[in-house]
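See below for final_10.txt, which holds compact mmCIF, C-alpha atoms and all ligand atoms.
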# COMPACT_ATOMS: atom_id res chain seq x y z
CA MET A 758 -25.49 40.30 37.27
CA LEU A 759 -23.61 42.56 39.66
CA ASP A 760 -25.56 44.51 42.26
CA ILE A 761 -23.57 47.74 42.34
CA VAL A 762 -23.97 51.44 43.07
CA THR A 763 -22.58 54.03 40.65
CA ALA A 764 -19.23 55.69 41.38
CA SER A 765 -20.97 59.04 41.85
CA GLU A 766 -22.49 57.58 45.03
CA TRP A 767 -19.18 56.37 46.46
CA PHE A 768 -18.25 59.52 48.36
CA GLY A 769 -21.04 62.01 47.77
CA SER A 770 -22.18 64.02 44.82
CA GLU A 771 -18.93 65.86 43.98
CA PHE A 772 -17.27 62.56 43.14
CA GLY A 773 -17.59 61.03 39.71
CA ARG A 774 -16.16 60.56 36.27
CA PRO A 775 -13.29 60.64 35.53
CA ILE A 776 -11.94 58.97 38.68
CA ILE A 777 -8.25 59.93 38.76
CA ILE A 778 -6.03 58.07 41.19
CA GLY A 779 -2.38 59.07 41.62
CA GLY A 780 0.36 58.04 43.99
CA PRO A 781 3.48 55.96 44.34
CA CYS A 782 3.83 52.30 43.57
CA SER A 783 4.91 51.82 47.21
CA ALA A 784 4.73 53.87 50.36
CA GLU A 785 8.45 53.96 51.20
CA THR A 786 8.95 56.57 53.93
CA ARG A 787 6.80 59.09 55.76
CA GLU A 788 8.53 61.96 53.90
CA GLN A 789 8.03 60.34 50.49
CA VAL A 790 4.32 59.73 51.18
CA MET A 791 3.71 63.24 52.55
CA SER A 792 5.61 65.13 49.85
CA THR A 793 4.02 63.11 47.04
CA ALA A 794 0.52 63.47 48.51
CA LEU A 795 0.88 67.23 49.10
CA ALA A 796 2.04 67.75 45.50
CA ILE A 797 -0.71 65.53 44.07
CA ALA A 798 -3.37 67.32 46.14
CA GLU A 799 -2.60 70.44 44.06
CA ILE A 800 -3.96 68.66 40.94
CA LYS A 801 -7.69 69.26 41.18
CA GLU A 802 -8.64 66.33 38.93
CA VAL A 803 -7.01 63.80 41.28
CA SER A 804 -9.31 62.61 44.07
CA ILE A 805 -7.69 59.42 45.32
CA PHE A 806 -4.12 58.79 46.50
CA ARG A 807 -2.77 55.29 45.96
CA ALA A 808 0.21 53.63 47.65
CA GLY A 809 1.21 50.00 47.99
CA VAL A 810 1.78 49.04 51.61
CA TRP A 811 2.22 45.28 51.20
CA LYS A 812 3.95 44.54 47.90
CA PRO A 813 3.54 41.11 46.30
CA ARG A 814 6.91 40.73 44.50
CA THR A 815 7.68 38.14 41.88
CA ARG A 816 11.01 37.13 43.43
CA PRO A 817 12.05 37.33 47.10
CA GLY A 818 14.67 39.83 48.17
CA ASN A 819 13.01 42.92 46.62
CA PHE A 820 11.36 45.71 48.64
CA GLU A 821 8.17 44.12 49.99
CA GLY A 822 6.48 47.27 51.28
CA ALA A 823 6.71 49.16 54.55
CA GLY A 824 3.73 47.28 56.04
CA ASN A 825 1.45 48.50 58.84
CA GLU A 826 3.65 51.49 59.67
CA ALA A 827 2.88 52.95 56.23
CA LEU A 828 -0.83 53.03 57.11
CA GLU A 829 -0.03 55.74 59.69
CA TRP A 830 1.71 57.82 56.99
CA LEU A 831 -1.35 57.46 54.79
CA ALA A 832 -3.66 58.54 57.62
CA GLU A 833 -1.47 61.60 58.08
CA ALA A 834 -1.46 62.34 54.32
CA LYS A 835 -5.25 62.02 54.27
CA ALA A 836 -5.64 64.50 57.13
CA ALA A 837 -3.24 66.95 55.48
CA THR A 838 -4.65 66.81 51.92
CA GLY A 839 -8.26 65.61 52.06
CA LEU A 840 -7.41 63.02 49.39
CA LYS A 841 -9.06 59.60 49.70
CA MET A 842 -6.52 56.86 50.41
CA ALA A 843 -6.30 53.59 48.44
CA VAL A 844 -4.18 50.52 49.17
CA GLU A 845 -3.84 47.01 47.77
CA VAL A 846 -5.09 44.17 49.97
CA ALA A 847 -4.21 40.53 49.44
CA THR A 848 -5.21 38.87 52.74
CA PRO A 849 -7.98 39.28 55.35
CA ALA A 850 -5.36 40.71 57.75
CA HIS A 851 -4.58 43.45 55.20
CA VAL A 852 -8.29 44.29 54.94
CA GLU A 853 -8.64 44.54 58.71
CA ALA A 854 -5.52 46.70 59.15
CA ALA A 855 -6.38 49.01 56.23
CA LEU A 856 -9.94 49.62 57.41
CA LYS A 857 -8.78 50.22 60.98
CA ALA A 858 -6.37 52.87 59.66
CA GLY A 859 -9.20 54.68 57.83
CA VAL A 860 -8.24 53.68 54.27
CA ASP A 861 -11.06 54.77 51.92
CA VAL A 862 -10.58 52.49 48.89
CA LEU A 863 -9.17 48.97 48.61
CA TRP A 864 -7.88 47.31 45.49
CA VAL A 865 -7.23 43.66 44.77
CA GLY A 866 -4.14 43.00 42.66
CA ALA A 867 -3.76 40.91 39.52
CA ARG A 868 -1.96 38.05 41.24
CA THR A 869 -4.62 37.75 43.94
CA VAL A 870 -7.45 37.90 41.40
CA SER A 871 -5.77 35.00 39.57
CA ASN A 872 -6.43 32.73 42.58
CA PRO A 873 -10.11 32.10 43.49
CA PHE A 874 -9.11 30.71 46.93
CA SER A 875 -7.45 34.03 47.83
CA VAL A 876 -10.36 36.00 46.40
CA GLN A 877 -12.86 33.96 48.41
CA GLU A 878 -10.91 34.59 51.63
CA LEU A 879 -10.77 38.29 50.84
CA ALA A 880 -14.48 38.36 50.00
CA ALA A 881 -15.28 36.84 53.40
CA ALA A 882 -13.19 39.56 55.09
CA LEU A 883 -14.89 42.25 52.99
CA GLY A 884 -18.40 41.13 53.96
CA GLY A 885 -20.56 44.16 54.67
CA VAL A 886 -17.67 46.59 54.15
CA ASP A 887 -18.83 49.90 52.70
CA VAL A 888 -15.60 51.14 51.07
CA PRO A 889 -15.13 50.90 47.29
CA VAL A 890 -13.23 47.81 46.14
CA LEU A 891 -11.35 47.96 42.84
CA VAL A 892 -10.61 44.62 41.19
CA LYS A 893 -7.64 44.42 38.83
CA ASN A 894 -7.71 42.03 35.88
CA PRO A 895 -5.99 38.66 36.43
CA ILE A 896 -2.51 38.20 34.99
CA ASN A 897 -3.79 36.20 32.01
CA PRO A 898 -6.58 37.46 29.76
CA ASP A 899 -9.15 35.18 31.40
CA ILE A 900 -12.31 37.28 31.59
CA GLU A 901 -14.18 34.57 33.55
CA LEU A 902 -11.61 34.77 36.36
CA TRP A 903 -12.00 38.57 36.43
CA ILE A 904 -15.80 38.29 36.52
CA GLY A 905 -15.54 35.54 39.16
CA ALA A 906 -13.54 37.80 41.49
CA LEU A 907 -16.03 40.67 41.01
CA GLU A 908 -18.93 38.31 41.70
CA ARG A 909 -17.37 36.78 44.82
CA ILE A 910 -16.72 40.24 46.29
CA ASN A 911 -20.13 41.51 45.24
CA ARG A 912 -21.89 38.49 46.78
CA ALA A 913 -20.11 39.26 50.04
CA GLY A 914 -22.10 42.51 50.04
CA CYS A 915 -19.66 45.03 48.48
CA LYS A 916 -21.70 47.20 46.17
CA LYS A 917 -19.12 49.93 45.56
CA LEU A 918 -17.19 48.00 42.94
CA ALA A 919 -15.01 48.90 39.97
CA ALA A 920 -12.66 47.03 37.66
CA ILE A 921 -9.10 48.06 36.89
CA HIS A 922 -7.55 47.19 33.55
CA ARG A 923 -3.77 46.86 33.97
CA GLY A 924 -3.00 44.75 30.92
CA PHE A 925 -1.91 41.13 30.68
CA TYR A 926 1.33 39.26 31.10
CA PRO A 927 3.44 39.32 27.92
CA PHE A 928 5.34 36.13 27.29
CA GLU A 929 7.95 38.08 25.35
CA LYS A 930 9.39 41.11 27.11
CA ARG A 931 9.56 43.85 24.54
CA GLY A 932 7.62 47.03 23.85
CA LEU A 933 4.97 47.56 26.49
CA ARG A 934 5.30 45.98 29.95
CA ASN A 935 1.84 44.40 29.78
CA ILE A 936 -0.24 43.65 26.69
CA PRO A 937 -3.40 45.81 26.79
CA ARG A 938 -5.75 43.35 24.97
CA TRP A 939 -8.35 46.14 24.97
CA GLU A 940 -11.00 43.68 23.75
CA VAL A 941 -11.07 42.09 27.25
CA PRO A 942 -12.08 45.24 29.24
CA ILE A 943 -14.39 46.19 26.36
CA GLU A 944 -16.16 42.83 26.72
CA LEU A 945 -16.41 43.32 30.50
CA LYS A 946 -17.97 46.75 29.89
CA ARG A 947 -20.42 45.19 27.45
CA LEU A 948 -21.43 42.54 29.99
CA PHE A 949 -21.61 44.95 32.96
CA PRO A 950 -22.36 48.42 31.56
CA ASN A 951 -22.76 50.02 35.00
CA LEU A 952 -19.44 48.69 36.37
CA PRO A 953 -16.88 51.54 36.41
CA MET A 954 -13.75 50.63 34.46
CA ILE A 955 -10.50 52.30 35.49
CA CYS A 956 -7.31 51.95 33.43
CA ASP A 957 -3.86 51.60 34.97
CA PRO A 958 -1.69 52.86 32.10
CA SER A 959 1.48 52.75 34.23
CA HIS A 960 1.54 48.94 34.37
CA ILE A 961 0.63 48.64 30.69
CA ALA A 962 3.29 51.14 29.60
CA GLY A 963 6.11 50.13 31.94
CA LYS A 964 7.88 53.38 30.97
CA TRP A 965 6.74 56.81 32.13
CA GLU A 966 7.06 58.34 28.66
CA LEU A 967 4.43 55.92 27.24
CA VAL A 968 1.88 56.43 30.03
CA GLN A 969 0.02 59.39 28.49
CA SER A 970 -0.72 57.77 25.14
CA ILE A 971 -2.05 54.60 26.82
CA ALA A 972 -4.12 56.74 29.21
CA GLN A 973 -5.61 58.69 26.29
CA GLN A 974 -6.42 55.46 24.48
CA ALA A 975 -8.27 54.25 27.61
CA LEU A 976 -10.33 57.46 27.85
CA ASP A 977 -11.14 57.25 24.13
CA LEU A 978 -12.39 53.71 24.82
CA ASP A 979 -14.88 55.14 27.33
CA MET A 980 -13.07 54.11 30.50
CA ASP A 981 -14.23 55.88 33.65
CA GLY A 982 -10.90 56.72 35.22
CA LEU A 983 -7.16 56.30 35.48
CA MET A 984 -4.78 55.02 38.14
CA ILE A 985 -1.35 56.56 37.53
CA GLU A 986 1.77 55.77 39.50
CA THR A 987 3.32 59.01 40.71
CA HIS A 988 6.39 59.45 42.92
CA ILE A 989 8.02 62.61 44.24
CA ASN A 990 11.36 61.35 42.89
CA PRO A 991 10.92 58.32 40.61
CA SER A 992 14.66 57.88 40.04
CA VAL A 993 15.08 56.64 43.64
CA ALA A 994 11.79 54.70 43.86
CA LEU A 995 12.13 51.30 45.53
CA SER A 996 9.70 49.67 43.08
CA ASP A 997 8.52 50.41 39.51
CA ALA A 998 10.98 53.33 39.21
CA ARG A 999 10.85 53.29 35.40
CA GLN A 1000 7.10 53.82 35.06
CA GLN A 1001 6.34 56.46 37.70
CA LEU A 1002 5.65 60.11 36.84
CA THR A 1003 6.52 63.05 39.04
CA PRO A 1004 3.52 65.02 40.38
CA ALA A 1005 4.49 67.84 37.97
CA GLN A 1006 4.40 65.42 35.03
CA LEU A 1007 1.06 64.07 36.22
CA SER A 1008 -0.32 67.59 36.43
CA GLU A 1009 0.88 68.42 32.91
CA MET A 1010 -0.45 65.14 31.57
CA VAL A 1011 -3.91 65.54 33.09
CA GLY A 1012 -4.01 69.15 31.86
CA SER A 1013 -3.15 68.24 28.28
CA MET A 1014 -5.39 65.19 27.89
CA SER A 1015 -8.81 65.13 26.37
CA PHE A 1016 -11.64 63.66 28.49
CA PRO A 1017 -14.33 62.62 26.03
CA THR A 1018 -17.87 61.81 27.19
CA SER A 1019 -19.71 58.74 25.93
CA THR A 1020 -22.53 60.83 24.54
CA THR A 1021 -23.48 64.43 23.77
CA THR A 1022 -26.68 66.45 23.52
CA ASP A 1023 -25.45 68.29 20.38
CA THR A 1024 -28.23 67.75 17.84
CA SER A 1025 -26.11 68.11 14.68
CA PHE A 1026 -23.72 65.45 16.04
CA ALA A 1027 -26.71 63.18 16.73
CA ARG A 1028 -28.03 63.71 13.16
CA CYS A 1029 -24.64 63.06 11.51
CA ILE A 1030 -23.91 59.95 13.52
CA GLN A 1031 -27.38 58.58 12.88
CA THR A 1032 -26.93 58.91 9.09
CA LEU A 1033 -23.50 57.31 9.22
CA ARG A 1034 -24.74 54.47 11.44
CA GLN A 1035 -27.56 53.78 8.98
CA ARG A 1036 -24.94 53.41 6.22
CA ILE A 1037 -22.95 51.03 8.43
CA ASP A 1038 -26.11 48.99 9.12
CA SER A 1039 -26.78 48.69 5.41
CA LEU A 1040 -23.16 47.75 4.56
CA ASP A 1041 -23.10 45.16 7.37
CA ALA A 1042 -26.28 43.61 5.98
CA GLN A 1043 -24.70 43.41 2.49
CA MET A 1044 -21.47 42.01 3.94
CA LEU A 1045 -23.35 39.20 5.74
CA GLU A 1046 -25.41 38.49 2.63
CA LEU A 1047 -22.18 38.12 0.59
CA ILE A 1048 -20.63 35.84 3.22
CA ALA A 1049 -23.77 33.67 3.19
CA GLN A 1050 -23.54 33.42 -0.64
CA ARG A 1051 -19.87 32.48 -0.37
CA MET A 1052 -20.72 29.72 2.15
CA LYS A 1053 -23.37 28.31 -0.19
CA ILE A 1054 -20.69 28.04 -2.91
CA ALA A 1055 -18.27 26.38 -0.46
CA GLU A 1056 -21.02 23.82 0.31
CA GLU A 1057 -21.52 23.19 -3.40
CA ILE A 1058 -17.78 22.61 -3.78
CA GLY A 1059 -18.03 20.30 -0.74
CA ARG A 1060 -20.65 18.15 -2.52
CA PHE A 1061 -18.38 17.87 -5.61
CA LYS A 1062 -15.47 16.92 -3.37
CA LEU A 1063 -17.64 14.23 -1.79
CA GLN A 1064 -18.55 12.78 -5.20
CA GLN A 1065 -14.93 12.82 -6.40
CA ASN A 1066 -13.34 11.83 -3.08
CA VAL A 1067 -11.21 14.98 -2.98
CA THR A 1068 -9.81 16.41 0.28
CA ILE A 1069 -11.61 19.30 1.90
CA LEU A 1070 -8.44 21.23 2.63
CA GLN A 1071 -6.83 22.71 -0.46
CA VAL A 1072 -3.76 24.46 0.89
CA ARG A 1073 -2.49 25.77 -2.47
CA ARG A 1074 -5.85 27.33 -3.27
CA PHE A 1075 -6.10 28.92 0.17
CA GLU A 1076 -2.55 30.28 -0.13
CA GLN A 1077 -3.46 31.83 -3.48
CA ILE A 1078 -6.61 33.37 -1.99
CA LEU A 1079 -4.60 34.86 0.88
CA LYS A 1080 -1.94 36.25 -1.46
CA ASP A 1081 -4.46 37.85 -3.86
CA ARG A 1082 -6.72 39.29 -1.18
CA LEU A 1083 -3.81 40.68 0.85
CA GLU A 1084 -2.50 42.44 -2.27
CA GLN A 1085 -5.96 43.90 -2.80
CA ALA A 1086 -6.15 44.87 0.90
CA GLU A 1087 -2.97 46.86 0.60
CA VAL A 1088 -4.25 48.74 -2.45
CA ILE A 1089 -7.54 49.67 -0.78
CA GLY A 1090 -5.94 50.55 2.57
CA LEU A 1091 -7.04 47.64 4.76
CA ASN A 1092 -4.81 46.37 7.53
CA HIS A 1093 -2.86 43.23 6.58
CA GLU A 1094 -3.38 41.42 9.90
CA PHE A 1095 -7.07 42.24 9.98
CA VAL A 1096 -7.71 40.89 6.47
CA LYS A 1097 -5.61 37.79 7.15
CA ASN A 1098 -7.59 37.03 10.34
CA LEU A 1099 -10.88 37.62 8.52
CA LEU A 1100 -9.95 35.29 5.64
CA GLU A 1101 -8.76 32.62 8.05
CA MET A 1102 -12.09 32.76 9.88
CA VAL A 1103 -14.03 32.54 6.63
CA HIS A 1104 -11.88 29.62 5.45
CA LYS A 1105 -12.38 27.82 8.76
CA GLU A 1106 -16.15 28.18 8.42
CA SER A 1107 -16.03 26.82 4.82
CA ILE A 1108 -14.13 23.80 6.08
CA LEU A 1109 -16.62 23.23 8.90
CA ARG A 1110 -19.49 23.28 6.39
CA GLN A 1111 -17.73 20.88 4.01
CA GLU A 1112 -16.95 18.56 6.95
CA ALA A 1113 -20.65 18.56 7.85
CA ILE A 1114 -21.44 17.53 4.26
CA MET A 1115 -18.92 14.66 4.42
CA ARG A 1116 -20.34 13.53 7.79
CA SER A 1117 -23.92 13.54 6.54
CA SER A 1118 -23.08 11.44 3.46
CA GLY A 1119 -24.84 8.07 3.38
CA PRO A 1120 -23.04 4.70 3.42
CA GLY A 1121 -21.30 3.97 0.10
CA GLU A 1122 -21.49 7.65 -0.96
CA ARG A 1123 -17.83 8.12 -0.16
CA LYS A 1124 -15.28 6.37 -2.32
CA PHE A 1125 -12.08 5.03 -0.89
CA PRO A 1126 -8.78 5.18 -2.75
CA CYS A 1127 -7.94 1.79 -4.20
O1 LIG A 1201 -11.51 26.00 -3.26
C1 LIG A 1201 -11.90 25.05 -2.57
O2 LIG A 1201 -11.54 23.86 -2.73
C2 LIG A 1201 -12.86 25.31 -1.49
O3 LIG A 1201 -13.42 24.38 -0.93
C3 LIG A 1201 -13.09 26.70 -1.01
C4 LIG A 1201 -12.15 27.07 0.13
C5 LIG A 1201 -12.56 28.53 0.52
O4 LIG A 1201 -13.35 28.70 1.45
O5 LIG A 1201 -12.09 29.42 -0.15
C6 LIG A 1201 -12.35 26.14 1.26
C7 LIG A 1201 -11.47 25.15 1.58
C8 LIG A 1201 -10.20 24.95 0.89
O6 LIG A 1201 -9.15 24.67 1.75
C9 LIG A 1201 -9.87 26.06 0.00
C10 LIG A 1201 -10.74 27.05 -0.31
Show the structure stored in the file as structure tokens.
Ligand SMILES: O=C(O)C(=O)C[C@]1(C(=O)O)C=C[C@@H](O)C=C1
Amino acid sequence: MLDIVTASEWFGSEFGRPIIIGGPCSAETREQVMSTALAIAEIKEVSIFRAGVWKPRTRPGNFEGAGNEALEWLAEAKAATGLKMAVEVATPAHVEAALKAGVDVLWVGARTVSNPFSVQELAAALGGVDVPVLVKNPINPDIELWIGALERINRAGCKKLAAIHRGFYPFEKRGLRNIPRWEVPIELKRLFPNLPMICDPSHIAGKWELVQSIAQQALDLDMDGLMIETHINPSVALSDARQQLTPAQLSEMVGSMSFPTSTTTDTSFARCIQTLRQRIDSLDAQMLELIAQRMKIAEEIGRFKLQQNVTILQVRRFEQILKDRLEQAEVIGLNHEFVKNLLEMVHKESILRQEAIMRSSGPGERKFPC
């Protein structure tokens, strides 16, 4: 369990869903921070300005952030725009410097979250701190590590918590920069329904032109906000140049997106969805009943195999099943990958049941080849 307060209580009543965070990957110069912040402040939906001050880079020799000096630029941007300021912290010294400079929101990056030692040190530094802390997912889709970081920070006394989904490391570099694996943030939402979930479509997309469709997908999946990298002139950005939007593009994007709510008071919608859900309930019940019948048959086959000393695995038969069912799937409009996964799961369960039958056979019941 996480002991958290809702996002609407973070900064007073005017603050809430969706939480839109915009700003450059890195704070590079005073001019870049000020011009980006002033332009972003014109977009009424954006309430928080983000900028990396200390940049954890994969390889040495790249721009590693402007450091403490950038905190002064952020303080100036905050005074000029009224936007809340957010920075990434990776060490207790970062936490101390950021809070001293009046930073309003801290986030913990994917690499830091991947290391419980670092998270524990950060948690100790965050003890009793009242600013919101946003916890990015770890690099690999390890939900326990993500939950562990949230718990460590929460146990230190931080109640203004949110998670950020920024996708997971792809072993092959093609298509999106990070693999979304939407099922992971969905599972986190299921486990912690009151934990705000913010999506970072910039890191998932890796290219500015793909950011909007990922952002829309996140909102359709009931995420509570977006963190979008925005730079006054992305072509000269010192980090993540390819995935940053201009403030004008951010404004257009936010204006053209749909922000669905998780529920509605419309009574005809409620009636329709209730009828449709009842049909789904009934079909699910039939589906499970059919799977149970199929398993009983697999067990019966297992008992014959035991008597005749025949192997459980029948590759040719399973291949034939896959081929036939996938042909049928295509005709009736079911996704190939989905049906293949489903059949593989069903086959695995059949095998487990037949193995249990073999294991429970008494001595002498099993023949051995002569
Ligand atoms: O046909 C069989 O021999 C079965 O035991 C059934 C079944 C299945 O579940 O479809 C299970 C295991 C075999 O590898 C092939 C198919």
Could I get the residues of chain A with an atom no further than 9 Å from an atom of ligand LIG 1201 (chain A), each paired with its nearest atom pair and that distance in Å to one decimal, using all atoms listed in the file, sorted by chain and residue number, as a tab-separated table?
residue	atom	partner	partner_atom	distance
A:Arg1051	CA	A:LIG1201	O4	7.8
A:Met1052	CA	A:LIG1201	O4	7.5
A:Ile1054	CA	A:LIG1201	C3	7.9
A:Ala1055	CA	A:LIG1201	C3	5.2
A:Glu1056	CA	A:LIG1201	O3	7.7
A:Glu1057	CA	A:LIG1201	O3	8.6
A:Ile1058	CA	A:LIG1201	O3	5.5
A:Gly1059	CA	A:LIG1201	O3	6.2
A:Lys1062	CA	A:LIG1201	O2	8.0
A:Val1067	CA	A:LIG1201	O2	8.9
A:Thr1068	CA	A:LIG1201	O2	8.2
A:Ile1069	CA	A:LIG1201	C7	5.9
A:Leu1070	CA	A:LIG1201	O6	3.6
A:Gln1071	CA	A:LIG1201	O6	3.8
A:Val1072	CA	A:LIG1201	O6	5.5
A:Arg1073	CA	A:LIG1201	C9	7.8
A:Arg1074	CA	A:LIG1201	C9	5.3
A:Phe1075	CA	A:LIG1201	C9	4.7
A:Glu1076	CA	A:LIG1201	C9	8.5
A:Ile1078	CA	A:LIG1201	O5	7.0
A:Leu1100	CA	A:LIG1201	O4	8.5
A:Glu1101	CA	A:LIG1201	O4	8.9
A:Val1103	CA	A:LIG1201	O4	6.5
A:His1104	CA	A:LIG1201	O4	4.4
A:Lys1105	CA	A:LIG1201	O4	7.4
A:Glu1106	CA	A:LIG1201	O4	7.5
A:Ser1107	CA	A:LIG1201	O4	4.7
A:Ile1108	CA	A:LIG1201	C7	5.4
A:Gln1111	CA	A:LIG1201	O3	7.4
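In this comparison, which uses all atoms listed in the file, the residue of A:Trp864, A:Phe1061, A:Phe874, A:Phe928 approaching A:Val844 most closely is A:Trp864.
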Point (-0.7, 39.8, 51.2), cut-off 9 Å, counting only C-alpha atoms, residues as a tab-separated table (two decimals) with C-alpha atoms, in the frame of the given file:
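Okay, result.tsv is ready:
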chain	number	residue	atom	x	y	z
A	811	TRP	CA	2.22	45.28	51.20
A	812	LYS	CA	3.95	44.54	47.90
A	813	PRO	CA	3.54	41.11	46.30
A	845	GLU	CA	-3.84	47.01	47.77
A	846	VAL	CA	-5.09	44.17	49.97
A	847	ALA	CA	-4.21	40.53	49.44
A	848	THR	CA	-5.21	38.87	52.74
A	849	PRO	CA	-7.98	39.28	55.35
A	850	ALA	CA	-5.36	40.71	57.75
A	851	HIS	CA	-4.58	43.45	55.20
A	869	THR	CA	-4.62	37.75	43.94
For A:Lys857, the closest of A:Ser1008, A:Thr1022, A:Gln877, A:Asn825 counting all atoms listed in the file is A:Asn825
Expected axis-aligned box over every listed atom of stretch 871-879 of chain A, 3 Å added per side, centre plus edges in Å to one decimal, as AutoDock Vina command-line options:
--center_x -9.3 --center_y 34.5 --center_z 45.6 --size_x 13.1 --size_y 13.6 --size_z 18.1
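For A:Phe806, the set of protein, DNA and RNA residues having any atom at most 10 Å away, when counting all atoms listed in the file and skipping those fewer than 5 positions along the same chain, is Ile777, Ile778, Gly779, Gly780, Pro781, Val790, Thr793, Ala794, Ile797, Ala798, Leu831, Ala834, Lys835, Thr838, Gly839, Leu840, Lys841, Met842, Ala843, Val844, Asp861, Val862, Met984, Ile985, Glu986 and Thr987 of chain A.
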If we count all atoms listed in the file and set the cut-off at 12 Å, which residues sit around A:Arg931, ignoring sequence neighbours fewer than 6 positions away in its own chain? Please answer as a list in words. Ile961, Ala962, Gly963 and Lys964 of chain A
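The interatomic distance for the pair atom CA of A:Ile904 and atom CA of A:Gln974 works out to 23.0 Å.
Of the residues under consideration (A:Thr1024, A:Gln1031, A:Ser959, A:Ser970), A:Ser959 shows the shortest atom-to-atom contact distance to A:Gln1000 when counting only C-alpha atoms.
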Quick one: everything within 9 Å of A:Cys956, counting all atoms listed in the file, minus sequence neighbours fewer than 6 positions away in the same chain. Send it as a ChimeraX atom specification. /A:920-924,971-972,975-976,980-985
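Coordinates place atom CA of A:Arg1110 at a distance of 17.1 Å from atom CA of A:Gln1065.
Across the model, the gap from atom CA of A:Pro958 to atom CA of A:Leu995 is 19.3 Å.
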Which residues are near stretch 885-893 of chain A? Cut-off 10 Å, all atoms listed in the file, ignore same chain within fewer than 3 positions. Put them as a PyMOL selection string. chain A and resi 762+764+767-768+843-846+852+856+859-871+880-882+896+903-904+906-907+910-924+953-957
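Using all atoms listed in the file, the nearest neighbour of A:Ile776 within the list A:Gln1050, A:Thr763, A:Thr1020, A:Ser1039 is A:Thr763.
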Since the input is missing atoms for stretch 791-804 of chain A, could you rebuild it with N, CA and C atoms and give the result as an mmCIF file, in the frame of the given file?
data_model
loop_
_atom_site.group_PDB
_atom_site.id
_atom_site.type_symbol
_atom_site.label_atom_id
_atom_site.label_comp_id
_atom_site.auth_asym_id
_atom_site.auth_seq_id
_atom_site.Cartn_x
_atom_site.Cartn_y
_atom_site.Cartn_z
ATOM 1 N N MET A 791 4.253 61.890 52.307
ATOM 2 C CA MET A 791 3.710 63.240 52.550
ATOM 3 C C MET A 791 4.017 64.167 51.385
ATOM 4 N N SER A 792 5.271 64.176 50.905
ATOM 5 C CA SER A 792 5.610 65.130 49.850
ATOM 6 C C SER A 792 4.879 64.785 48.550
ATOM 7 N N THR A 793 4.735 63.476 48.274
ATOM 8 C CA THR A 793 4.020 63.110 47.040
ATOM 9 C C THR A 793 2.538 63.495 47.166
ATOM 10 N N ALA A 794 1.947 63.187 48.330
ATOM 11 C CA ALA A 794 0.520 63.470 48.510
ATOM 12 C C ALA A 794 0.240 64.982 48.462
ATOM 13 N N LEU A 795 1.113 65.771 49.106
ATOM 14 C CA LEU A 795 0.880 67.230 49.100
ATOM 15 C C LEU A 795 0.956 67.784 47.682
ATOM 16 N N ALA A 796 1.899 67.254 46.879
ATOM 17 C CA ALA A 796 2.040 67.750 45.500
ATOM 18 C C ALA A 796 0.852 67.287 44.648
ATOM 19 N N ILE A 797 0.414 66.046 44.867
ATOM 20 C CA ILE A 797 -0.710 65.530 44.070
ATOM 21 C C ILE A 797 -2.012 66.247 44.426
ATOM 22 N N ALA A 798 -2.143 66.644 45.702
ATOM 23 C CA ALA A 798 -3.370 67.320 46.140
ATOM 24 C C ALA A 798 -3.572 68.652 45.402
ATOM 25 N N GLU A 799 -2.495 69.189 44.827
ATOM 26 C CA GLU A 799 -2.600 70.440 44.060
ATOM 27 C C GLU A 799 -3.283 70.219 42.708
ATOM 28 N N ILE A 800 -3.350 68.948 42.261
ATOM 29 C CA ILE A 800 -3.960 68.660 40.940
ATOM 30 C C ILE A 800 -5.443 68.406 41.178
ATOM 31 N N LYS A 801 -6.286 69.343 40.763
ATOM 32 C CA LYS A 801 -7.690 69.260 41.180
ATOM 33 C C LYS A 801 -8.412 68.023 40.642
ATOM 34 N N GLU A 802 -7.958 67.505 39.513
ATOM 35 C CA GLU A 802 -8.640 66.330 38.930
ATOM 36 C C GLU A 802 -8.407 65.050 39.733
ATOM 37 N N VAL A 803 -7.331 65.034 40.557
ATOM 38 C CA VAL A 803 -7.010 63.800 41.280
ATOM 39 C C VAL A 803 -7.777 63.775 42.606
ATOM 40 N N SER A 804 -8.510 62.679 42.841
ATOM 41 C CA SER A 804 -9.310 62.610 44.070
ATOM 42 C C SER A 804 -8.861 61.505 45.012
#
